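Asker: The following file, query23.cif, comprises mmCIF, C-alpha atoms:
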data_my_file
#
loop_
_atom_site.label_atom_id
_atom_site.label_comp_id
_atom_site.auth_asym_id
_atom_site.auth_seq_id
_atom_site.Cartn_x
_atom_site.Cartn_y
_atom_site.Cartn_z
CA MET A 1 -77.55 10.85 200.82
CA ASN A 2 -76.81 13.75 203.16
CA MET A 3 -75.88 16.13 200.36
CA LYS A 4 -77.91 19.26 199.79
CA PRO A 5 -80.35 18.65 196.91
CA VAL A 6 -79.51 20.25 193.59
CA VAL A 7 -82.19 22.71 192.41
CA TRP A 8 -83.39 21.79 188.92
CA GLY A 9 -85.54 23.31 186.22
CA VAL A 10 -87.02 21.60 183.16
CA LEU A 11 -87.14 23.22 179.72
CA GLY A 12 -90.35 22.26 177.93
CA THR A 13 -93.10 19.74 178.46
CA ALA A 14 -91.80 16.92 176.29
CA LYS A 15 -93.37 13.50 176.81
CA ILE A 16 -90.12 11.94 178.04
CA GLY A 17 -89.85 14.66 180.66
CA ILE A 18 -93.45 14.45 181.84
CA GLU A 19 -93.67 10.65 181.87
CA GLN A 20 -90.15 9.58 182.79
CA VAL A 21 -87.64 12.18 183.98
CA ILE A 22 -89.86 14.44 186.10
CA PRO A 23 -91.28 11.50 188.12
CA ALA A 24 -87.71 10.29 188.61
CA MET A 25 -86.62 13.72 189.84
CA LEU A 26 -89.55 14.01 192.21
CA SER A 27 -88.71 10.62 193.74
CA SER A 28 -85.10 11.52 194.53
CA PRO A 29 -83.83 13.13 197.74
CA LEU A 30 -80.88 14.49 195.75
CA VAL A 31 -83.09 16.63 193.52
CA GLU A 32 -85.30 19.64 194.18
CA LEU A 33 -87.35 20.21 191.06
CA ARG A 34 -88.20 23.89 191.37
CA ALA A 35 -89.51 25.02 187.96
CA ILE A 36 -90.73 24.08 184.50
CA ALA A 37 -90.89 26.33 181.43
CA SER A 38 -92.78 26.33 178.17
CA ARG A 39 -93.26 28.82 175.38
CA SER A 40 -96.89 28.80 176.56
CA LEU A 41 -97.45 29.87 180.16
CA PRO A 42 -100.76 27.96 180.47
CA THR A 43 -99.00 24.80 179.26
CA ALA A 44 -96.23 25.25 181.82
CA GLN A 45 -98.75 25.98 184.57
CA ALA A 46 -100.76 22.86 183.74
CA ALA A 47 -97.63 20.71 183.84
CA ALA A 48 -96.52 22.30 187.11
CA ARG A 49 -99.91 21.70 188.74
CA SER A 50 -100.02 18.09 187.58
CA ALA A 51 -96.55 17.28 188.90
CA GLY A 52 -96.55 19.55 191.95
CA ILE A 53 -93.74 21.77 190.69
CA ALA A 54 -93.51 25.12 192.49
CA ARG A 55 -92.90 27.48 189.57
CA ALA A 56 -94.05 27.74 185.97
CA TYR A 57 -92.52 30.05 183.39
CA GLY A 58 -93.92 31.14 180.02
CA SER A 59 -90.49 31.21 178.35
CA TYR A 60 -87.24 29.32 178.59
CA GLU A 61 -85.38 32.58 179.18
CA GLU A 62 -87.38 33.29 182.34
CA LEU A 63 -86.42 29.95 183.84
CA LEU A 64 -82.76 30.42 182.93
CA ALA A 65 -82.83 33.84 184.61
CA ASP A 66 -84.04 32.31 187.90
CA PRO A 67 -81.01 32.54 190.23
CA ALA A 68 -82.25 29.60 192.33
CA ILE A 69 -81.94 27.13 189.47
CA GLU A 70 -78.61 25.30 189.45
CA ALA A 71 -79.17 22.70 186.74
CA VAL A 72 -81.56 22.25 183.85
CA TYR A 73 -82.87 19.25 181.98
CA ASN A 74 -83.24 19.94 178.26
CA PRO A 75 -85.67 17.56 176.47
CA LEU A 76 -86.64 20.04 173.76
CA PRO A 77 -86.91 19.05 170.08
CA ASN A 78 -83.57 17.88 168.72
CA HIS A 79 -82.79 21.06 166.76
CA LEU A 80 -83.05 23.09 170.00
CA HIS A 81 -80.71 20.95 172.09
CA VAL A 82 -77.53 22.89 171.37
CA PRO A 83 -79.01 26.43 171.22
CA LEU A 84 -80.78 26.09 174.58
CA THR A 85 -77.86 24.26 176.15
CA LEU A 86 -75.64 27.19 175.19
CA GLN A 87 -78.16 29.66 176.62
CA ALA A 88 -78.35 27.69 179.85
CA ALA A 89 -74.58 27.47 180.15
CA ALA A 90 -74.27 31.22 179.54
CA ALA A 91 -76.66 31.69 182.46
CA GLY A 92 -74.39 29.55 184.64
CA LYS A 93 -76.63 26.48 184.68
CA HIS A 94 -75.43 22.90 184.44
CA VAL A 95 -77.18 21.00 181.64
CA LEU A 96 -78.37 17.44 181.23
CA CYS A 97 -79.43 17.43 177.56
CA GLU A 98 -81.49 14.72 175.93
CA LYS A 99 -80.09 12.62 173.14
CA PRO A 100 -79.15 13.21 170.40
CA PHE A 101 -77.09 16.02 171.86
CA ALA A 102 -76.63 17.66 168.46
CA LEU A 103 -77.55 17.22 164.81
CA SER A 104 -73.88 17.11 163.79
CA ALA A 105 -70.46 16.83 165.37
CA ALA A 106 -69.65 20.39 164.32
CA GLU A 107 -72.72 21.63 166.18
CA ALA A 108 -71.80 19.62 169.27
CA GLN A 109 -68.31 21.09 169.25
CA THR A 110 -69.70 24.62 169.57
CA VAL A 111 -70.52 23.73 173.19
CA GLN A 112 -66.98 22.76 174.14
CA ILE A 113 -65.97 26.14 175.59
CA ALA A 114 -69.17 26.31 177.65
CA ALA A 115 -68.50 22.79 178.94
CA SER A 116 -65.31 24.01 180.60
CA ARG A 117 -67.39 26.20 182.93
CA VAL A 118 -70.43 24.06 183.78
CA HIS A 119 -71.28 20.37 183.71
CA ILE A 120 -72.86 19.42 180.37
CA GLU A 121 -73.80 15.87 179.47
CA GLU A 122 -75.83 13.93 176.91
CA ALA A 123 -78.67 12.11 178.67
CA PHE A 124 -78.30 8.40 178.01
CA MET A 125 -80.15 6.86 180.94
CA VAL A 126 -79.20 3.32 179.89
CA ARG A 127 -75.61 3.92 181.02
CA HIS A 128 -76.85 3.73 184.61
CA HIS A 129 -79.15 0.70 184.45
CA PRO A 130 -77.92 -2.46 186.24
CA GLN A 131 -78.48 -4.61 183.14
CA TRP A 132 -76.03 -2.52 181.11
CA LEU A 133 -73.52 -2.38 183.94
CA ARG A 134 -73.76 -6.17 184.25
CA ALA A 135 -73.33 -6.69 180.50
CA ARG A 136 -70.13 -4.63 180.50
CA GLU A 137 -68.93 -6.50 183.60
CA LEU A 138 -69.44 -9.86 181.88
CA VAL A 139 -67.63 -8.69 178.73
CA ARG A 140 -64.73 -7.28 180.72
CA ALA A 141 -64.47 -10.50 182.76
CA GLY A 142 -64.07 -12.53 179.57
CA ARG A 143 -67.24 -14.54 180.10
CA ILE A 144 -68.01 -14.52 176.35
CA GLY A 145 -64.38 -14.63 175.22
CA THR A 146 -63.35 -11.87 172.84
CA PRO A 147 -66.35 -9.73 171.84
CA ARG A 148 -66.79 -9.82 168.06
CA ALA A 149 -70.26 -8.55 167.21
CA VAL A 150 -72.96 -6.40 168.74
CA GLN A 151 -76.36 -6.64 167.07
CA VAL A 152 -79.21 -4.22 167.88
CA PHE A 153 -82.81 -3.97 166.75
CA PHE A 154 -85.01 -1.13 168.03
CA SER A 155 -88.36 -0.11 166.58
CA TYR A 156 -91.74 1.47 167.24
CA PHE A 157 -94.62 2.67 165.07
CA ASN A 158 -95.39 6.39 164.74
CA ASP A 159 -96.43 7.95 161.44
CA ASP A 160 -98.09 11.06 162.89
CA ALA A 161 -96.93 13.99 160.77
CA ALA A 162 -97.52 16.39 163.68
CA ASN A 163 -95.16 14.51 165.98
CA ILE A 164 -91.71 16.11 166.28
CA ARG A 165 -90.10 12.69 165.77
CA ASN A 166 -91.46 12.80 162.22
CA GLN A 167 -90.38 16.34 161.34
CA ALA A 168 -87.13 16.38 159.42
CA ALA A 169 -86.40 20.06 160.10
CA MET A 170 -86.44 19.36 163.83
CA GLY A 171 -84.06 16.40 163.64
CA GLY A 172 -86.71 13.70 163.44
CA GLY A 173 -86.34 10.17 162.16
CA ALA A 174 -85.12 6.79 163.36
CA LEU A 175 -81.37 7.34 163.35
CA TYR A 176 -81.44 10.48 165.51
CA ASP A 177 -84.18 9.22 167.82
CA ILE A 178 -83.21 5.61 168.51
CA GLY A 179 -80.22 4.80 166.31
CA CYS A 180 -78.14 6.78 168.79
CA TYR A 181 -78.85 4.04 171.38
CA ALA A 182 -77.55 1.36 169.04
CA ILE A 183 -74.38 3.36 168.40
CA LEU A 184 -73.91 3.83 172.13
CA ALA A 185 -74.32 0.08 172.65
CA GLY A 186 -71.42 -0.69 170.34
CA ARG A 187 -69.17 2.05 171.68
CA SER A 188 -69.91 1.05 175.27
CA LEU A 189 -69.57 -2.71 174.95
CA PHE A 190 -66.46 -2.62 172.74
CA GLU A 191 -65.08 0.33 174.74
CA ALA A 192 -63.77 1.71 171.47
CA GLU A 193 -64.69 4.06 168.63
CA PRO A 194 -65.68 2.84 165.15
CA ARG A 195 -63.32 3.51 162.28
CA ARG A 196 -65.79 3.49 159.39
CA ALA A 197 -69.50 3.07 158.76
CA VAL A 198 -71.97 2.21 156.04
CA SER A 199 -75.74 2.73 156.07
CA LEU A 200 -78.90 1.75 154.23
CA VAL A 201 -81.72 4.26 154.70
CA ASP A 202 -85.39 4.17 153.70
CA ARG A 203 -87.16 7.53 153.93
CA ASP A 204 -90.86 8.16 154.25
CA PRO A 205 -91.91 9.71 150.92
CA VAL A 206 -94.21 12.19 152.64
CA LEU A 207 -92.45 12.98 155.92
CA GLY A 208 -88.91 12.92 154.56
CA THR A 209 -87.54 11.30 157.71
CA ASP A 210 -85.74 7.96 157.80
CA ARG A 211 -88.34 5.38 158.83
CA LEU A 212 -85.98 2.41 158.51
CA SER A 213 -82.23 2.71 158.88
CA SER A 214 -79.65 -0.06 159.06
CA ALA A 215 -75.93 0.28 159.57
CA LEU A 216 -72.69 -1.62 159.88
CA LEU A 217 -69.85 -0.12 161.92
CA ASP A 218 -66.28 -1.38 161.81
CA PHE A 219 -64.47 -1.02 165.15
CA GLY A 220 -61.30 -2.69 163.89
CA ALA A 221 -59.67 -5.81 165.35
CA GLY A 222 -62.51 -7.95 164.01
CA ARG A 223 -65.25 -6.09 165.92
CA GLN A 224 -68.52 -5.09 164.27
CA LEU A 225 -71.75 -3.37 165.28
CA SER A 226 -74.80 -3.98 163.11
CA PHE A 227 -78.17 -2.43 163.78
CA THR A 228 -81.60 -1.71 162.39
CA VAL A 229 -83.88 0.99 163.76
CA SER A 230 -87.35 1.92 162.59
CA THR A 231 -90.10 4.40 163.43
CA GLN A 232 -92.69 2.52 161.38
CA SER A 233 -92.38 -1.10 162.49
CA VAL A 234 -93.82 -3.25 165.24
CA PRO A 235 -92.49 -2.20 168.67
CA PHE A 236 -89.49 -4.39 169.47
CA GLN A 237 -86.01 -4.10 170.94
CA ARG A 238 -83.14 -6.47 171.56
CA VAL A 239 -79.35 -6.41 171.98
CA GLN A 240 -77.07 -9.38 171.31
CA VAL A 241 -73.38 -9.37 172.21
CA ILE A 242 -71.53 -12.20 170.46
CA GLY A 243 -68.10 -13.34 171.55
CA THR A 244 -65.68 -16.11 170.63
CA THR A 245 -66.95 -18.38 173.42
CA GLY A 246 -70.28 -16.95 174.52
CA ARG A 247 -73.20 -14.61 174.04
CA ILE A 248 -75.14 -12.02 176.07
CA GLU A 249 -78.72 -11.03 175.30
CA LEU A 250 -80.58 -8.01 176.68
CA PHE A 251 -84.34 -8.47 176.29
CA ILE A 252 -85.58 -4.93 176.99
CA PRO A 253 -82.35 -2.97 176.67
CA PHE A 254 -83.66 0.57 176.31
CA ASN A 255 -87.19 1.03 177.69
CA ALA A 256 -86.67 -0.83 180.94
CA ALA A 257 -89.72 -0.58 183.19
CA ARG A 258 -89.35 1.89 186.04
CA ASN A 259 -88.38 -0.03 189.17
CA GLY A 260 -88.91 -3.27 187.29
CA GLN A 261 -86.58 -6.24 187.31
CA MET A 262 -84.86 -6.87 183.98
CA ARG A 263 -83.51 -10.18 182.68
CA LEU A 264 -80.21 -10.86 180.96
CA ALA A 265 -79.25 -14.09 179.19
CA LEU A 266 -75.71 -15.47 179.35
CA ASP A 267 -74.87 -18.28 176.95
CA GLU A 268 -71.34 -19.58 177.52
CA GLY A 269 -71.30 -21.81 174.46
CA GLY A 270 -74.09 -24.23 175.38
CA PRO A 271 -76.40 -26.23 173.09
CA LEU A 272 -78.16 -24.43 170.26
CA ASP A 273 -81.53 -25.26 171.81
CA GLY A 274 -80.74 -22.79 174.61
CA SER A 275 -80.80 -25.40 177.38
CA GLY A 276 -77.49 -24.16 178.72
CA VAL A 277 -78.42 -20.47 178.86
CA THR A 278 -78.31 -18.81 182.27
CA ILE A 279 -80.95 -16.16 182.94
CA GLU A 280 -79.90 -13.46 185.39
CA THR A 281 -82.46 -11.18 187.04
CA LEU A 282 -81.08 -7.71 187.67
CA PRO A 283 -82.08 -5.47 190.59
CA ALA A 284 -85.12 -3.26 190.08
CA ALA A 285 -84.07 0.25 189.13
CA ASP A 286 -85.33 3.55 187.75
CA GLN A 287 -82.66 4.36 185.18
CA TYR A 288 -83.85 7.97 184.91
CA ARG A 289 -83.52 8.52 188.65
CA LEU A 290 -80.05 6.98 188.60
CA GLU A 291 -79.14 9.32 185.75
CA VAL A 292 -80.29 12.55 187.42
CA GLU A 293 -78.76 11.51 190.74
CA ALA A 294 -75.38 10.82 189.15
CA PHE A 295 -75.49 14.22 187.47
CA SER A 296 -76.59 15.93 190.70
CA ARG A 297 -73.69 14.39 192.60
CA ARG A 298 -71.21 15.74 190.07
CA VAL A 299 -72.74 19.20 190.42
CA ARG A 300 -72.70 19.11 194.21
CA GLU A 301 -69.21 17.64 194.51
CA GLY A 302 -67.85 20.87 193.05
CA ALA A 303 -65.30 19.16 190.83
CA SER A 304 -64.27 20.85 187.62
CA PRO A 305 -66.42 19.92 184.62
CA ASP A 306 -65.22 16.76 182.88
CA ALA A 307 -64.62 17.64 179.22
CA SER A 308 -64.62 13.96 178.27
CA ARG A 309 -68.38 13.79 178.85
CA LEU A 310 -69.02 16.33 176.11
CA GLY A 311 -66.32 14.63 174.07
CA ASP A 312 -68.43 11.48 174.24
CA ALA A 313 -71.41 13.38 172.79
CA VAL A 314 -69.18 14.67 169.98
CA ALA A 315 -68.01 11.11 169.27
CA GLN A 316 -71.63 9.95 169.04
CA ALA A 317 -72.42 12.73 166.58
CA ARG A 318 -69.42 11.86 164.41
CA VAL A 319 -70.80 8.37 163.87
CA ILE A 320 -74.20 9.73 162.83
CA ASP A 321 -72.45 12.19 160.49
CA ALA A 322 -70.67 9.27 158.82
CA LEU A 323 -73.93 7.33 158.41
CA TRP A 324 -75.66 10.30 156.76
CA GLN A 325 -72.67 10.72 154.46
CA SER A 326 -72.85 7.00 153.61
CA GLU A 327 -76.54 7.40 152.73
CA ARG A 328 -75.52 10.08 150.22
CA SER A 329 -72.47 8.31 148.81
CA GLY A 330 -73.62 4.69 148.95
CA ARG A 331 -70.16 3.75 150.28
CA TRP A 332 -68.28 3.12 153.48
CA GLU A 333 -67.37 6.43 155.11
CA PRO A 334 -64.68 7.14 157.71
CA VAL A 335 -65.69 8.18 161.21
CA THR A 336 -63.60 11.29 161.65
CA ARG A 337 -61.56 12.07 164.73
CA ASP A 338 -59.68 15.10 166.02
#
Any chance you could put this one into structure tokens?
Answerer:
Amino acid sequence: MNMKPVVWGVLGTAKIGIEQVIPAMLSSPLVELRAIASRSLPTAQAAARSAGIARAYGSYEELLADPAIEAVYNPLPNHLHVPLTLQAAAAGKHVLCEKPFALSAAEAQTVQIAASRVHIEEAFMVRHHPQWLRARELVRAGRIGTPRAVQVFFSYFNDDAANIRNQAAMGGGALYDIGCYAILAGRSLFEAEPRRAVSLVDRDPVLGTDRLSSALLDFGAGRQLSFTVSTQSVPFQRVQVIGTTGRIELFIPFNAARNGQMRLALDEGGPLDGSGVTIETLPAADQYRLEVEAFSRRVREGASPDASRLGDAVAQARVIDALWQSERSGRWEPVTRD
């Protein structure tokens, strides 16, 4: 806690930044949030005044040219994640970039050279939440036997054509926006990469984005991830981890309340009526604050950038590539590797 705070800037005034990440930054002694940028100076100024941020810039380039800024948070529309991350890296800034990091694995790989000079990471806040750390701990400890299946459902309702999540050209749709969390769940809990994937996609006839996407991923050795994500269904989310002797359930796996206590269910093979299920209450936490603090520590420690963190973003993108290819082919598709 005695480290010098890392000076941050935020690119854009995205809702996730304004409502989640900026408050988390402002609450942390490890972060000095110095500036925010927008393509509209009045928009940036309004956001800066509201949050108490010292500087507002009317272009992303102005913020990246600020020599005081050490790291940037990039929550721009999906199609701008890689271009602005590359610009930031060229300016010598470390980058925490919102998910999905890229719209394809090939696009993500264009950042690999830059990632050897500065820290670059895909922003999955759930990695840092106590409920996810506990779930992995229980799996690793063998409390559910051998993990066989991970099942994920994640949905919300948004059919606003003006919203960037519903604009196909900007990387909108369910798979990019929330399917990435389901993919991460499988990769994290199995601690492995899928070999092949198959998808079933329903697209909005007007918007062109996938409003309901389901997938099955084969991780080999009898391990499967199945998920359904939707941008036009009742808000709901759940994760089930099924093993040979037990089961773990995460009730609010992704949108955990800031500084709220989350519950996790552990069923070690009890009665079907649930009478033997143990409910664990996890410590209150702000997963966004934990995320930016972990990134800030890596920046301040001065260690060489860890290429495996960008490699993880590339691996995520490869799975999504395979699911899009499966939509086109109607068949199982391999998840490619280097």
Asker: Where does stretch 27-141 of chain A meet stretch 178-198 of chain A within 9 Å, residue by residue, with the nearest atom pair and distance in Å to one decimal for each, counting all atoms listed in the file, listed by chain and rising number, as JSON lines?
Answerer:
{"residue": "A:Lys99", "atom": "CA", "partner": "A:Cys180", "partner_atom": "CA", "distance": 7.5}
{"residue": "A:Pro100", "atom": "CA", "partner": "A:Cys180", "partner_atom": "CA", "distance": 6.7}
{"residue": "A:Phe124", "atom": "CA", "partner": "A:Tyr181", "partner_atom": "CA", "distance": 8.0}
{"residue": "A:Val126", "atom": "CA", "partner": "A:Tyr181", "partner_atom": "CA", "distance": 8.5}
{"residue": "A:Arg127", "atom": "CA", "partner": "A:Ser188", "partner_atom": "CA", "distance": 8.6}
{"residue": "A:Trp132", "atom": "CA", "partner": "A:Leu189", "partner_atom": "CA", "distance": 8.9}
{"residue": "A:Ala135", "atom": "CA", "partner": "A:Leu189", "partner_atom": "CA", "distance": 7.8}
{"residue": "A:Arg136", "atom": "CA", "partner": "A:Leu189", "partner_atom": "CA", "distance": 5.9}
{"residue": "A:Val139", "atom": "CA", "partner": "A:Leu189", "partner_atom": "CA", "distance": 7.3}
{"residue": "A:Arg140", "atom": "CA", "partner": "A:Leu189", "partner_atom": "CA", "distance": 8.8}
Asker: Enumerate, in order of chain and increasing residue number, the residues of stretch 290-331 of chain A with an atom no farther than 9 Å from stretch 6-12 of chain A, each with its shortest atom pair and distance in Å to one decimal, counting all atoms listed in the file, as a Markdown table.
Answerer:
| residue | atom | partner | partner_atom | distance |
| --- | --- | --- | --- | --- |
| A:Ser296 | CA | A:Val6 | CA | 6.0 |
| A:Arg297 | CA | A:Val6 | CA | 8.3 |
| A:Val299 | CA | A:Val6 | CA | 7.5 |
| A:Arg300 | CA | A:Val6 | CA | 6.9 |
Asker: Looking at A:Ala102, A:Leu64, A:Ala37, A:Val31, which one is nearest to A:Asp312, with distances taken over all atoms listed in the file?
Answerer: A:Ala102
Asker: Need the shell around A:Ser326: protein/DNA/RNA residues with any atom at most 7 Å away, counting all atoms listed in the file. Skip same-chain ones fewer than 6 positions apart. Format as a compact mmCIF listing (two decimals) with C-alpha atoms, keeping the file's coordinate frame?
Answerer:
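Once everything was written out, this is part.txt:
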# COMPACT_ATOMS: atom_id res chain seq x y z
CA VAL A 198 -71.97 2.21 156.04
CA SER A 199 -75.74 2.73 156.07
CA TRP A 332 -68.28 3.12 153.48
CA GLU A 333 -67.37 6.43 155.11
Asker: Evaluate the PyMOL selection byres ((chain A and resi 107) around 12) against this structure - the residues, as a ChimeraX atom specification, please.
Answerer: /A:78-83,85-86,100-106,108-112,310,313-315,317-318,321
Asker: Taking a cut-off of 9 Å and counting all atoms listed in the file, can you build a table that, for each residue of stretch 117-232 of chain A near stretch 254-270 of chain A, reports the nearest atom pair and how far apart they are in Å (one decimal), sorted by chain then residue number, as JSON lines?
Answerer:
{"residue": "A:Met125", "atom": "CA", "partner": "A:Phe254", "partner_atom": "CA", "distance": 8.6}
{"residue": "A:Val126", "atom": "CA", "partner": "A:Phe254", "partner_atom": "CA", "distance": 6.3}
{"residue": "A:His129", "atom": "CA", "partner": "A:Ala256", "partner_atom": "CA", "distance": 8.4}
{"residue": "A:Pro130", "atom": "CA", "partner": "A:Met262", "partner_atom": "CA", "distance": 8.5}
{"residue": "A:Gln131", "atom": "CA", "partner": "A:Met262", "partner_atom": "CA", "distance": 6.8}
{"residue": "A:Arg134", "atom": "CA", "partner": "A:Leu264", "partner_atom": "CA", "distance": 8.6}
{"residue": "A:Ala135", "atom": "CA", "partner": "A:Leu264", "partner_atom": "CA", "distance": 8.1}
{"residue": "A:Leu138", "atom": "CA", "partner": "A:Leu266", "partner_atom": "CA", "distance": 8.8}
{"residue": "A:Arg143", "atom": "CA", "partner": "A:Glu268", "partner_atom": "CA", "distance": 7.0}
{"residue": "A:Ile144", "atom": "CA", "partner": "A:Glu268", "partner_atom": "CA", "distance": 6.2}
{"residue": "A:Gly145", "atom": "CA", "partner": "A:Glu268", "partner_atom": "CA", "distance": 8.8}
{"residue": "A:Phe154", "atom": "CA", "partner": "A:Phe254", "partner_atom": "CA", "distance": 8.6}
{"residue": "A:Tyr181", "atom": "CA", "partner": "A:Phe254", "partner_atom": "CA", "distance": 7.7}
Asker: List the residues selected by the PyMOL selection byres ((chain A and resi 229) around 6) in the file shown, writing them as a list in words.
Answerer: Phe153, Phe154, Ser155, Ala174, Gly179, Leu212, Ser213, Thr228 and Ser230 of chain A
Asker: Could you state which residues are captured by the PyMOL selection byres ((chain A and resi 65) around 12) in this file, as number ranges by chain?
Answerer: A: 9, 35, 37, 57, 59-64, 66-72, 87-93
Asker: Counting all atoms listed in the file, which residue out of A:Leu76, A:Val201, A:Val239, A:Ala14 sits closest to A:Ala47?
Answerer: A:Ala14
Asker: Would you please work out which residue, of A:Ser329, A:Gly173, A:Glu249, A:Ile36, is nearest to A:Arg49 when using only C-alpha atoms?
Answerer: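 For A:Arg49, the nearest of the given residues is A:Ile36.
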Asker: So how far away is atom CA of A:Ile320 from atom CA of A:Gln232, in Å?
Answerer: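 Distance between the two atoms: 19.9 Å.
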Asker: Got a sec: who's within 7 Å of A:Gln224, counting all atoms listed in the file, leaving out chain neighbours fewer than 5 positions off, as a list in words?
Answerer: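 After dropping sequence-adjacent residues, the list is Arg148, Ala149, Val150, Leu216, Leu217, Asp218 and Phe219 of chain A.
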Asker: Starting from the point (-89.3, 5.6, 187.4), work out which residues of protein, DNA or RNA have an atom no more than 7 Å away when counting only C-alpha atoms; state them as a list of chain:residue names.
Answerer: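 Checked against the point, the hits come out as A:Gln20, A:Pro23, A:Ala24, A:Arg258, A:Asn259, A:Asp286, A:Tyr288, A:Arg289.
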Asker: Could you write stretch 77-90 of chain A of the block just shown to a file containing N, CA and C atoms, as a CSV table (one decimal), in the first residue's frame?
Answerer:
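Final file, selection-v9.csv:
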chain,number,residue,atom,x,y,z
A,77,PRO,N,-15.8,1.4,-28.0
A,77,PRO,CA,-16.5,0.3,-28.7
A,77,PRO,C,-15.6,-0.8,-29.2
A,78,ASN,N,-16.1,-2.0,-29.3
A,78,ASN,CA,-15.2,-3.1,-29.6
A,78,ASN,C,-14.3,-3.0,-30.8
A,79,HIS,N,-14.8,-2.4,-31.8
A,79,HIS,CA,-14.0,-2.3,-33.0
A,79,HIS,C,-12.8,-1.3,-32.9
A,80,LEU,N,-12.8,-0.5,-31.8
A,80,LEU,CA,-11.7,0.4,-31.5
A,80,LEU,C,-10.7,-0.1,-30.4
A,81,HIS,N,-11.0,-1.3,-29.9
A,81,HIS,CA,-10.1,-1.8,-28.9
A,81,HIS,C,-8.6,-1.9,-29.3
A,82,VAL,N,-8.5,-2.6,-30.4
A,82,VAL,CA,-7.1,-2.9,-30.9
A,82,VAL,C,-6.4,-1.6,-31.4
A,83,PRO,N,-7.1,-0.8,-32.3
A,83,PRO,CA,-6.5,0.4,-32.8
A,83,PRO,C,-6.0,1.4,-31.8
A,84,LEU,N,-6.9,1.6,-30.8
A,84,LEU,CA,-6.5,2.5,-29.7
A,84,LEU,C,-5.5,1.9,-28.7
A,85,THR,N,-5.5,0.6,-28.6
A,85,THR,CA,-4.5,0.0,-27.7
A,85,THR,C,-3.2,0.1,-28.4
A,86,LEU,N,-3.1,-0.1,-29.7
A,86,LEU,CA,-1.8,0.1,-30.4
A,86,LEU,C,-1.3,1.5,-30.3
A,87,GLN,N,-2.2,2.5,-30.5
A,87,GLN,CA,-1.8,3.9,-30.3
A,87,GLN,C,-1.3,4.2,-29.0
A,88,ALA,N,-2.0,3.7,-27.9
A,88,ALA,CA,-1.5,3.9,-26.6
A,88,ALA,C,-0.2,3.3,-26.3
A,89,ALA,N,0.0,2.1,-26.8
A,89,ALA,CA,1.3,1.4,-26.6
A,89,ALA,C,2.4,2.1,-27.3
A,90,ALA,N,2.1,2.7,-28.5
A,90,ALA,CA,3.1,3.4,-29.3
A,90,ALA,C,3.5,4.7,-28.5
